[in-house]
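What follows is one structure encoded as structure tokens, with my remarks underneath.
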Amino acid sequence: MGKKILAINPGSTSTKIAVYDDKELVFKESIEHSTAKLDKYENIQDQFDMRKESILSVLKDKGLQVSDLAATVGRGGILPPVQSGAYKVNDIMIDRLKNRPIVPHASNLGALIAHAIAEPINIPSYIYDSVAVDEMDDIAKISGMPEIKRISLSHALNSRAMAHKVAKKYGKVYKDMNFIIAHLGGGISLSAHKKGKMIDIVSDDEGPFSPERAGRVPCKKLIDLCYSGDYDKKTMHKKLRGKGGFSAYFGTNDAKDIEDRALSGDDKAKLHYDALSYQVSKAIGELAAVLEGEVDAIIITGGIAYSKMTTDFITKKVGFIAPVEIMPGEAELESLAYGILRVLNKEELSREYTE
């Protein structure tokens with residue numbers, strides 16, 4: 001029998017889990033969380049018990065004993081800048097994600113849930129390729145305001161996984177290629193990869209809006225809204241993350257529902273669905289300049305990449321830059337499990353998180 005690893009990927013609207021026995025998938029499950037269900041919780045941290053119990057329930061239904069696991073791994077949350085690869089979950093990391101989060105985000109629960117499941121049975125818990133992997137060039141960190149420094153927060157795990165897959169398809173390796181990768185999910189981020197390093201990003205508050213995030217909005221108008229007296233700070237944060245994008249325009253974060261409305265002749269849905277694709281295309285052009293036009297491929301990934309309506313729109317806009325590879329869904333669970341398997345097999349070292 002091999003080493004069974006539970007991989008946990010909390011997203012904005014779902015908790016995806018998988019169990020691998022060495023490199024063999026035992027099962028994979030996506031536990032969906034509706035807007036109505038999530039609205040019951042005041043903040044993301046309050047969702048911890050609900051998400052953990054839903055995972056344990058699925059494991060029980062699959063007939064898998066927690067005691068059979070060799071390790072758990074959660075999607076790395078929004079930490080201070082970290083290196084790529086594995087970090088063992090420790091008390092410092094837990095304190096940061098639980099009590100001092102840099103940004104409230106569902107991925108912050110990954111390490112917490114992984115540790116909560118692993119600790120009672122005395123097995124290790126890890127994160128891998130955190131959202132906060134920072135390989136940005138110094139020039140990319142300048143914002144225009146001394147008080148604000150651009151930081152690297154993106155869908156690093158899935159983006160790197162897809163980059164490796166596309167490089168292999170081309171008969172090359174990731175570190176020898178240049179990519180622009182757009183991850184389209186509940187949140188949207190884009191990244192520029194140059195010879196194996198993610199040198200710049202367009203984060204979910206700097207670029208396209210998404211099913212539940214407002215993305216880049218006009219700053220002066222935003223300041224006016226903040227000081228209008230109509231909203232408190234917490235509400236404004238929600239308007240940007242959680243209640244922005246499709247959720248603000250349509251009252252739902254279900255991109256498939258908006259697409260179906262658009263295809264059924266709903267002009268408002270069509271306009272806003274196309275606007276998302278339009279903004280993604282603009283961000284790809286932005287990162288093409290970072291790579292000086294030397295782009296081997298543009299990769300469109302994430303759940304919304306299943307939409308031909310979206311991918312056709314983006315391909316038409318940016319196909320002149322480089323070939324467009326459509327890689328719908330995500331390989332994050334596989335990447336998490338395989339990374340930790342390498343650690344357990346002593347092929348790769350894990351790091352100790354410190355601040």
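Identifiers for the structure tokens are assigned positionally: chains receive A, B, ... in sequence, residues are indexed from 1 per chain, and ligands are indexed from 1 in the order shown.
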Report as JSON lines the residues of region 88-204 of chain A within 12 Å of region 271-276 of chain A, each with its shortest atom pair and distance in Å (one decimal), using only C-alpha atoms, ordered by chain and increasing residue number.
{"residue": "A:Leu184", "atom": "CA", "partner": "A:Leu276", "partner_atom": "CA", "distance": 9.7}
{"residue": "A:Gly185", "atom": "CA", "partner": "A:Leu276", "partner_atom": "CA", "distance": 11.4}
{"residue": "A:Gly187", "atom": "CA", "partner": "A:Leu276", "partner_atom": "CA", "distance": 11.5}
{"residue": "A:Ile188", "atom": "CA", "partner": "A:Leu276", "partner_atom": "CA", "distance": 9.7}
As a ChimeraX atom specification, list the residues of region 22-88 of chain A assigned to helix (DSSP H, G or I) by DSSP on the backbone atoms of this structure. /A:35-38,44-61,66-68
### Message
Give me, as a PyMOL selection string, all polymer residues having an atom no more than 12 Å from region 249-253 of chain A, counting only C-alpha atoms and skipping those fewer than 4 positions away in the same chain.
### Response
chain A and resi 12-14+33-36+38-39+185-187+209-214+239+241-245+257-259+261+266+268-269+271-273+304
Restrict the selected residues to C-alpha atoms and save them as a PDB file, in the first residue's frame.
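What follows is the written file part.pdb:
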ATOM      1  CA  SER A  12     -14.557  31.088  -2.884  1.00  0.00           C
ATOM      2  CA  THR A  13     -17.633  28.998  -3.724  1.00  0.00           C
ATOM      3  CA  SER A  14     -16.491  25.404  -3.205  1.00  0.00           C
ATOM      4  CA  HIS A  33     -21.236  26.211  -1.318  1.00  0.00           C
ATOM      5  CA  SER A  34     -24.111  28.369  -2.545  1.00  0.00           C
ATOM      6  CA  THR A  35     -24.224  32.124  -2.060  1.00  0.00           C
ATOM      7  CA  ALA A  36     -27.222  31.646   0.244  1.00  0.00           C
ATOM      8  CA  LEU A  38     -22.135  31.377   2.574  1.00  0.00           C
ATOM      9  CA  ASP A  39     -24.161  34.472   3.398  1.00  0.00           C
ATOM     10  CA  GLY A 185     -12.730  31.114 -11.526  1.00  0.00           C
ATOM     11  CA  GLY A 186     -14.674  32.662  -8.651  1.00  0.00           C
ATOM     12  CA  GLY A 187     -11.701  34.999  -8.607  1.00  0.00           C
ATOM     13  CA  PHE A 209     -13.941  41.544 -12.479  1.00  0.00           C
ATOM     14  CA  SER A 210     -15.089  38.009 -11.774  1.00  0.00           C
ATOM     15  CA  PRO A 211     -18.236  36.185 -10.616  1.00  0.00           C
ATOM     16  CA  GLU A 212     -17.848  37.699  -7.150  1.00  0.00           C
ATOM     17  CA  ARG A 213     -15.080  40.316  -7.267  1.00  0.00           C
ATOM     18  CA  ALA A 214     -15.177  43.845  -8.570  1.00  0.00           C
ATOM     19  CA  LYS A 239     -18.374  45.092  -2.453  1.00  0.00           C
ATOM     20  CA  ARG A 241     -14.502  40.824  -2.757  1.00  0.00           C
ATOM     21  CA  GLY A 242     -17.494  38.566  -2.304  1.00  0.00           C
ATOM     22  CA  LYS A 243     -20.300  40.836  -3.466  1.00  0.00           C
ATOM     23  CA  GLY A 244     -18.717  42.352  -6.571  1.00  0.00           C
ATOM     24  CA  GLY A 245     -18.771  41.302 -10.226  1.00  0.00           C
ATOM     25  CA  ASP A 257     -26.155  30.771 -15.061  1.00  0.00           C
ATOM     26  CA  ILE A 258     -25.121  34.152 -16.514  1.00  0.00           C
ATOM     27  CA  GLU A 259     -23.800  32.430 -19.650  1.00  0.00           C
ATOM     28  CA  ARG A 261     -29.015  33.750 -19.765  1.00  0.00           C
ATOM     29  CA  ASP A 266     -30.703  38.227 -22.247  1.00  0.00           C
ATOM     30  CA  LYS A 268     -27.749  42.483 -20.030  1.00  0.00           C
ATOM     31  CA  ALA A 269     -26.264  39.062 -19.286  1.00  0.00           C
ATOM     32  CA  LEU A 271     -23.030  42.438 -22.212  1.00  0.00           C
ATOM     33  CA  HIS A 272     -21.623  41.668 -18.778  1.00  0.00           C
ATOM     34  CA  TYR A 273     -20.443  38.165 -19.670  1.00  0.00           C
ATOM     35  CA  ILE A 304     -14.841  29.504 -16.628  1.00  0.00           C
TER      36      ILE A 304
END
For the structure I just gave you, how does DSSP split region 124-277 of chain A - specifically, which residues are strand (DSSP E)? Reply as a ChimeraX atom specification. /A:125-128,142-145,148-149,178-184,188-194,197-202
Near region 71-85 of chain A, 12 Å: region 188-207 of chain A residue rows, closest pairs, only C-alpha atoms, as JSON lines:
{"residue": "A:Gly196", "atom": "CA", "partner": "A:Ser84", "partner_atom": "CA", "distance": 11.3}
{"residue": "A:Lys197", "atom": "CA", "partner": "A:Ser84", "partner_atom": "CA", "distance": 10.0}
{"residue": "A:Met198", "atom": "CA", "partner": "A:Ser84", "partner_atom": "CA", "distance": 10.3}
Go through A:Gln45, A:Ser125, A:Ser228, A:Ser203 and flag the residue nearest Ala7 (chain A), using only C-alpha atoms for the distances.
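Using only C-alpha atoms, Ala7 (chain A) sits closest to A:Ser125.
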